[in-house]
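The next block holds one structure in the form of structure tokens; read it before the comments.
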Amino acid sequence: MKGYNSYLKEDNFDFKSENEWRFVPRKNEIGNNLISQKRSTYLKNPKKHNNKLLPYPLRFNKSDIEYIFVSKQEEANKISQAFSININKVLVSRWKTK
């Protein structure tokens, strides 16, 4: 999908290239633990909540990665070298972070 991007003030911006995905497991895939909860609850004891999910890591291969977005070219170079990922898959994002 292409259109005007008011943030970047760019016509014909390819919004599809910025799609992200999130893995949201079913409760039975993570030992019936909660998938999410109130931030205030989590912040009371983050170690406890994180430890509950340690046995259930998200597994993937490098071939599953389409792109990795970073904020600087130096970061792209480091990631490409450190993980032997094709530099063409590590893109500098034009979006500004706060």
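Identifiers for the structure tokens are assigned positionally: chains receive A, B, ... in sequence, residues are indexed from 1 per chain, and ligands are indexed from 1 in the order shown.
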
Can you list every residue in chain A that DSSP puts in strand (DSSP E), as a list in words?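 Output for chain A, strand (DSSP E) only: Lys2, Gly3, Tyr4, Asn5, Glu10, Asp11, Asn12, Phe13, Asp14, Ile68, Phe69, Val70, Val90, Leu91 and Val92 of chain A.
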
For range 55-67 of chain A, find every residue with an atom within 8 Å (counting only C-alpha atoms), except residues of its own chain fewer than 5 positions away, and show them as JSON, numbers by chain. {"A": [29, 30, 85, 89, 90, 91]}

Report, in Å with one decimal, the straight-line distance from CA of Gln73 in chain A to CA of Trp95 in chain A.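 Between these atoms lies a distance of 13.7 Å.
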
All residues 12 Å or closer to Lys9 in chain A, only C-alpha atoms, same chain fewer than 5 positions away omitted, as a VMD selection string: chain A and resid 3 to 4 94 to 95
